[in-house]
Structure formats: C-alpha cells, structure tokens
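J.: Take this structure, written in structure tokens, and hold onto it; I'll ask about it next.
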Amino acid sequence: MSGRTARRRVTMAEVARAAGVSVMTVSYAYGQPGRVSDEARARVREAAERLGYPGPHPGARSLRRGHTGTLGVVLGEHLTYAFDDPQATRFLSGVAQVCADHGMALTLVPVTGAPSDVDRVTEAAVDAFVVWTTADDDPVIDAITATGLPAVIHGGPHRDGLFFVAADDRAAAAAVGREVFAGARRPGVLSFPLDRDRISQVAFGTAGPGPLPDLGRTPTPDRVPATAPSAPVRASVPAALDPNAEPPGTTAAGASPGIDPDASTFRVTRQRLRGYRDAWAETGGDWSQVLVAVCSTNSAHEAEAIAAELLTGPYACDAIAAMSDELALGALRTAARLGLSVPGDLTLSGWDDSDAATPAGLTTIAQSLRDQGARCARTALGHPAPAGQSTDISWHLISRTSTRRP
C-alpha cells in the first residue's frame with residue numbers, strides 16, 4: 001500500500017455553493033443544459049473545474065432518468081466463451097449491432113453456477129436482458145423474472161411471461177440425422193451437456209419399451225491407423241463398450257441407465273437428442289443402439305479427445321451427428337489420426353455452418369445466430385420485427401462430402 005487515502009468525491013451541493021446557484025441548476029447544467037442560462041452554466045463549469053468535480057455519478061444519473069441505456073446479456077458460460085466460441089461471437093455481434101443502432105451500451109453478465117450468480121444478475125444496471133441458452137432449473141431465470149425488466153431467452157428454457165427465440169431444433173436434428181445416419185450400422189452422437197453439472201460421459205441411449213432390439217452389429221476389432229499418427233490415440237473404453245460387460249443399454253438388474261433425451265435440462269440438448277432419436281427410429285433402429293458422447297463444453301479440443309471413444313473399440317461408430325461444427329471438427333481430427341476416411345469409413349455432420357465447415361466439407365445445419373441475436377436484442381428493447389416480416393427462425397440442411405458415401 002502507498003499509504004495514500006482515496007480522494008473524496010466532490011458533491012453536487014459543494015459545486016452549487018461555490019457557484020452561488022441551486023443544486024437543481026447544477027443538475028440541469030449537466031443533464032439538461034438548455035434549461036440553464038449561459039452565465040449560470042459557465043459559473044457551474046468554472047466551480048466544478050476548480051473543485052475537481054467530474055460530473056454527476058453515472059449510477060445516480062441513471063436512477064433519475066429511470067433507465068441506464070444498457071442491455072444486459074446473461075451468458076451461461078465462462079466470460080471468455082463470448083470471445084472464443086465462434087457461434088457465441090456471431091450471436092453477440094447481432095446483439096451489439098442492435099445496441100449500436102439504438103445508442104445503447106452492452107453489458108455481459110456471466111453466470112457459472114456459483115451462488116453469486118443470482119446477485120450478479122439482480123444487481124446488474126441494465127434496462128433489459130437477453131439470456132443465452134441455459135438450463136430449465138437455472139435460478140438465474142427466476143432472478144431475472146423477479147426484476148420485472150423485459151427479458152428474452154434464446155434457445156431455452158421457455159418460461160411464461162418471458163419472450164423466447166429459438167429455431168425448431170428437433171426438426172433440424174431429425175433432418176441432419178436422416179442424412180448422417182443413412183446406411184449406418186453403428187450410429188453415434190457428439191452432444192452438448194445434459195445439465196448444469198456438465199459431466200462428460202459416453203453411454204448408449206436408453207432403451208425403448210419392451211425387450212432390447214438386436215443391435216444388428218458384429219463387434220469390430222479396435223481400429224488401427226493406416227499410418228502411425230504423430231501422437232497415439234488412447235481411448236478409455238466405457239463399460240458399455242467392454243466386450244465382457246453386460247449388453248449395451250442394460251445393467252445386471254436389467255435396467256436402462258443410458259442417455260435419455262427427455263431427461264436433459266438444457267432445451268437445446270434435449271430437442272436435438274430427440275431429433276436424432278426420431279431420425280434413427282425412421283430407419284427401424286432403437287435409441288439404445290445409439291452411442292452418445294456428452295461434452296462438457298462446445299470445444300473442438302474436448303470433442304477430439306472424447307471422439308476416440310466413439311471411433312475405437314468393438315462398437316466403433318460409422319456415423320456421428322455432432323451438435324455443433326466445433327464438435328464435428330474435433331471428431332474429424334480424431335478420424336484423420338485413426339486413418340479413417342470420411343465418408344468412406346465414417347459419415348459426420350455438424351451444426352451452424354461455421355466458416356470452417358465449408359473447407360472441411362462438413363454437412364451441417366445452417367442458421368444465422370447473428371440474426372437471432374439481433375432479434376433477441378430488438379425484442380428486449382421493445383423494437384419487434386416490422387409488421388409482415390416473418391418471426392420464424394429459419395434453418396436449412398447443407399449436404400457436403402462428409403455424408404456422401406462413395
């Protein structure tokens with residue numbers, strides 16, 4: 001410590017006494033200068049400069065006006081996610097454009113599952129909220145509702161009284177699932193987190209009612225790269241993949257402990273898993289035949305590691321539907337290190353049509369997260385889409401070489 005004490009802030013009342021005017025005149029001189037004579041305004045400015053008064057505190061000024069001129073974006077991820085994740089940056093760029101168009105500031109409010117999240121949201125000095133997708137049971141949603149401020153939730157959860165913006169994730173997942181699972185015998189999914197615990201895991205889907213179906217698979221030996229990779233891939237084999245374990249989808253007691261789409265508390269994860277399940281069911285398959293690798297974050301690095309568990313062992317997948325292009329690109333790198341050809345040995349799909357999807361030849365779902373971010377911001381600020389303009393969130397399937405078998 002330097003030993004110096006913090007400098008006391010000069011008050012508006014002190015400036016008024018020094019200038020020989022009322023406190024209201026000082027306030028008007030800064031906030032509504034047109035209501036003050038040139039002479040009085042000059043006296044206020046001279047006194048303020050002499051005393052070192054910087055002007056009214058922004059917080060106090062906001063309270064008097066009844067608004068802050070700021071839109072808050074509640075980000076259910078680490079703060080760096082806003083700058084590292086390609087899709088988050090697209091979404092936020094749409095929000096930022098609307099803020100710029102309306103002369104608004106933008107505040108990021110990160111929430112990480114800590115008890116302080118609710119206080120951080122409640123104390124945010126904003127006029128409205130946009131919420132990046134979060135879990136159904138996130139207490140932050142209740143805290144936002146309690147503020148009484150306008151709020152828009154992107155992706156989920158859907159709450160009464162709050163605006164909601166999302167694409168039809170289930171329909172889109174079914175569309176891309178039909179493409180990637182066509183002709184597959186051992187389907188897999190690279191999934192977003194299931195709940196706020198964000199536990200990474202690999203398991204088959206829960207079985208449907210009745211006896212487990214015949215998987216229709218011949219266990220294949222562990223795949224060996226055609227050429228030795230620079231760094232060997234080592235995959236731990238979950239119990240479900242162990243040839244000495246119980247059949248996939250069962251336990252010793254005959255229960256079905258696998259991945260249940262309906263149990264996910266993240267709406268986006270839940271709807272996409274349901275869509276992939278729909279697509280596989282259309283082929284005559286059962287969800288218990290689908291191996292699901294759950295990632296804790298939308299990270300290509302994590303997907304690269306966990307994809308090794310999908311692509312090796314007796315039930316090595318020959319088709320993978322990934323919930324994002326980032327996850328799919330990680331799987332592509334693992335497939336390359338294992339010497340697998342795409343789409344010959346493996347078909348693969350992503351989601352979002354990121355800049356990297358085209359050069360990678362990645363089949364994907366295209367949607368504009370920038371447009372969705374802009375729509376959320378306009379709605380939160382009370383500027384809905386013009387009359388006659390569609391309010392549907394558009395998406396479409398883009399088929400590329402990652403799903404075209406020779």
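Chain labels follow the order of the structure tokens: the first chain is A, the next B, and so on; residue numbering restarts at 1 in every chain, and ligands are counted from 1 in their shown order.
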Can you pull out the residues contacting stretch 263-273 of chain A? Cut-off 6 Å, using only C-alpha atoms, and skip same-chain residues under 5 positions away; I want them as a ChimeraX atom specification.
T.: /A:135-136,156-157,169-170,173,192,194-195
J.: When DSSP works through the backbone of this structure, what residues of stretch 107-195 of chain A end up as alpha helix (DSSP H), shown as a list in words?
T.: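 Going through stretch 107-195 of chain A, the alpha helix (DSSP H) residues come out as Ser116, Asp117, Val118, Asp119, Arg120, Val121, Thr122, Pro139, Val140, Ile141, Asp142, Ala143, Ile144, Thr145, Ala146, Thr147, Asp169, Arg170, Ala171, Ala172, Ala173, Ala174, Ala175, Val176, Gly177, Arg178, Glu179, Val180 and Phe181 of chain A.
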J.: Grab the atom CA of A:Glu123 to atom CA of A:Val109 distance for me, in Å with one decimal place.
T.: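 The value is 10.3 Å.
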J.: Could you check which of A:Ile393, A:Ala322, A:Leu338, A:Cys99 is closest to A:Leu362, using only C-alpha atoms?
T.: A:Ala322
J.: Restricting the calculation to only C-alpha atoms: of A:Val294, A:Val131, A:Ala316, A:Leu381, which residue gets closest to A:Pro193?
T.: A:Val294
J.: Could you name the residues that touch A:Ala335 at 12 Å or less, counting only C-alpha atoms, but leaving out those on the same chain fewer than 3 positions away, as a PyMOL selection string?
T.: chain A and resi 223-226+229+233+303-312+316-320+328-332+338-348+402
J.: Go ahead and write the residues just picked, N, CA and C atoms, as a tab-separated table (two decimals), in the first residue's frame.
T.:
```tsv
chain	number	residue	atom	x	y	z
A	223	ARG	N	-9.87	-50.16	-34.11
A	223	ARG	CA	-9.32	-49.65	-35.36
A	223	ARG	C	-7.86	-49.24	-35.15
A	224	VAL	N	-7.04	-49.53	-36.13
A	224	VAL	CA	-5.63	-49.16	-36.08
A	224	VAL	C	-5.37	-48.21	-37.23
A	225	PRO	N	-4.73	-47.07	-36.98
A	225	PRO	CA	-4.47	-46.12	-38.06
A	225	PRO	C	-3.71	-46.77	-39.21
A	226	ALA	N	-4.06	-46.39	-40.44
A	226	ALA	CA	-3.36	-46.91	-41.61
A	226	ALA	C	-1.89	-46.54	-41.57
A	229	PRO	N	0.16	-42.42	-36.33
A	229	PRO	CA	-0.03	-40.99	-36.05
A	229	PRO	C	1.15	-40.44	-35.28
A	233	VAL	N	-3.41	-42.30	-30.26
A	233	VAL	CA	-4.69	-42.02	-29.63
A	233	VAL	C	-4.99	-43.15	-28.67
A	303	ALA	N	-13.93	-32.47	-27.88
A	303	ALA	CA	-14.55	-33.41	-28.81
A	303	ALA	C	-13.52	-34.33	-29.44
A	304	GLU	N	-12.34	-33.78	-29.73
A	304	GLU	CA	-11.28	-34.57	-30.32
A	304	GLU	C	-10.89	-35.73	-29.40
A	305	ALA	N	-10.85	-35.45	-28.10
A	305	ALA	CA	-10.48	-36.48	-27.14
A	305	ALA	C	-11.59	-37.51	-26.96
A	306	ILE	N	-12.82	-37.03	-26.79
A	306	ILE	CA	-13.91	-37.96	-26.49
A	306	ILE	C	-14.35	-38.74	-27.72
A	307	ALA	N	-14.08	-38.19	-28.92
A	307	ALA	CA	-14.45	-38.89	-30.14
A	307	ALA	C	-13.67	-40.19	-30.29
A	308	ALA	N	-12.49	-40.28	-29.66
A	308	ALA	CA	-11.73	-41.52	-29.71
A	308	ALA	C	-12.51	-42.66	-29.10
A	309	GLU	N	-13.37	-42.36	-28.14
A	309	GLU	CA	-14.19	-43.41	-27.52
A	309	GLU	C	-15.34	-43.83	-28.42
A	310	LEU	N	-15.73	-42.96	-29.34
A	310	LEU	CA	-16.76	-43.32	-30.31
A	310	LEU	C	-16.19	-44.09	-31.49
A	311	LEU	N	-14.92	-43.88	-31.79
A	311	LEU	CA	-14.34	-44.39	-33.03
A	311	LEU	C	-13.42	-45.58	-32.83
A	312	THR	N	-13.28	-46.08	-31.61
A	312	THR	CA	-12.47	-47.26	-31.35
A	312	THR	C	-13.28	-48.24	-30.52
A	316	ALA	N	-17.27	-49.41	-32.56
A	316	ALA	CA	-16.81	-48.17	-33.17
A	316	ALA	C	-17.87	-47.63	-34.14
A	317	CYS	N	-18.21	-46.37	-33.95
A	317	CYS	CA	-19.29	-45.76	-34.75
A	317	CYS	C	-18.87	-45.61	-36.21
A	318	ASP	N	-19.84	-45.77	-37.10
A	318	ASP	CA	-19.60	-45.48	-38.52
A	318	ASP	C	-20.38	-44.25	-38.97
A	319	ALA	N	-21.07	-43.57	-38.04
A	319	ALA	CA	-21.78	-42.32	-38.33
A	319	ALA	C	-21.89	-41.53	-37.04
A	320	ILE	N	-21.58	-40.24	-37.11
A	320	ILE	CA	-21.65	-39.38	-35.92
A	320	ILE	C	-22.38	-38.09	-36.28
A	328	ALA	N	-17.87	-31.38	-34.36
A	328	ALA	CA	-17.62	-32.20	-35.55
A	328	ALA	C	-16.19	-32.07	-36.03
A	329	LEU	N	-15.65	-30.86	-35.99
A	329	LEU	CA	-14.27	-30.65	-36.44
A	329	LEU	C	-13.28	-31.39	-35.54
A	330	GLY	N	-13.58	-31.44	-34.24
A	330	GLY	CA	-12.74	-32.23	-33.34
A	330	GLY	C	-12.78	-33.69	-33.70
A	331	ALA	N	-13.98	-34.21	-34.02
A	331	ALA	CA	-14.11	-35.61	-34.42
A	331	ALA	C	-13.39	-35.89	-35.74
A	332	LEU	N	-13.42	-34.92	-36.65
A	332	LEU	CA	-12.71	-35.08	-37.92
A	332	LEU	C	-11.22	-35.26	-37.69
A	338	LEU	N	-6.76	-41.60	-36.78
A	338	LEU	CA	-7.02	-43.04	-36.77
A	338	LEU	C	-6.97	-43.65	-38.17
A	339	GLY	N	-6.72	-42.82	-39.16
A	339	GLY	CA	-6.64	-43.32	-40.53
A	339	GLY	C	-7.98	-43.65	-41.14
A	340	LEU	N	-9.05	-43.06	-40.64
A	340	LEU	CA	-10.39	-43.33	-41.15
A	340	LEU	C	-10.73	-42.34	-42.26
A	341	SER	N	-11.34	-42.85	-43.32
A	341	SER	CA	-11.76	-41.96	-44.40
A	341	SER	C	-13.17	-41.46	-44.15
A	342	VAL	N	-13.41	-40.23	-44.55
A	342	VAL	CA	-14.73	-39.61	-44.46
A	342	VAL	C	-15.14	-39.22	-45.87
A	343	PRO	N	-16.24	-39.76	-46.38
A	343	PRO	CA	-17.29	-40.52	-45.70
A	343	PRO	C	-17.19	-42.03	-45.84
A	344	GLY	N	-16.08	-42.57	-46.36
A	344	GLY	CA	-15.99	-44.00	-46.59
A	344	GLY	C	-16.16	-44.84	-45.34
A	345	ASP	N	-15.35	-44.54	-44.30
A	345	ASP	CA	-15.44	-45.27	-43.04
A	345	ASP	C	-16.40	-44.62	-42.05
A	346	LEU	N	-16.58	-43.33	-42.20
A	346	LEU	CA	-17.35	-42.57	-41.21
A	346	LEU	C	-18.10	-41.44	-41.89
A	347	THR	N	-19.40	-41.33	-41.64
A	347	THR	CA	-20.14	-40.14	-42.04
A	347	THR	C	-20.26	-39.24	-40.81
A	348	LEU	N	-20.29	-37.94	-41.06
A	348	LEU	CA	-20.21	-36.98	-39.96
A	348	LEU	C	-20.99	-35.72	-40.32
A	402	SER	N	-19.00	-34.87	-46.30
A	402	SER	CA	-18.82	-35.68	-45.09
A	402	SER	C	-19.93	-36.71	-44.91
```
J.: Which residues are near A:Ala357? Cut-off 12 Å, only C-alpha atoms, ignore same chain within fewer than 2 positions. Put them as JSON, numbers by chain.
T.: {"A": [86, 324, 325, 326, 327, 328, 329, 330, 332, 348, 349, 350, 351, 352, 353, 354, 355, 359, 360, 361, 362, 363, 364, 365, 366, 398, 399, 400, 401, 402]}
J.: Suppose you want the space between atom CA of A:Ala172 and atom CA of A:Tyr81; what is it in Å?
T.: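 Spanning atom CA of A:Ala172 to atom CA of A:Tyr81 is a straight-line distance of 24.6 Å.
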J.: Out of A:Ala143, A:Ala48, A:Val290, A:Val152, which residue has the shortest atom-to-atom distance to A:Phe181 when counting only C-alpha atoms?
T.: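 Of A:Ala143, A:Ala48, A:Val290, A:Val152, the one nearest A:Phe181 is A:Val290, counting only C-alpha atoms.
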J.: Which distance in Å separates atom CA of A:Gln367 and atom CA of A:Pro384, to one decimal?
T.: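 Going from atom CA of A:Gln367 over to atom CA of A:Pro384 covers 19.8 Å.
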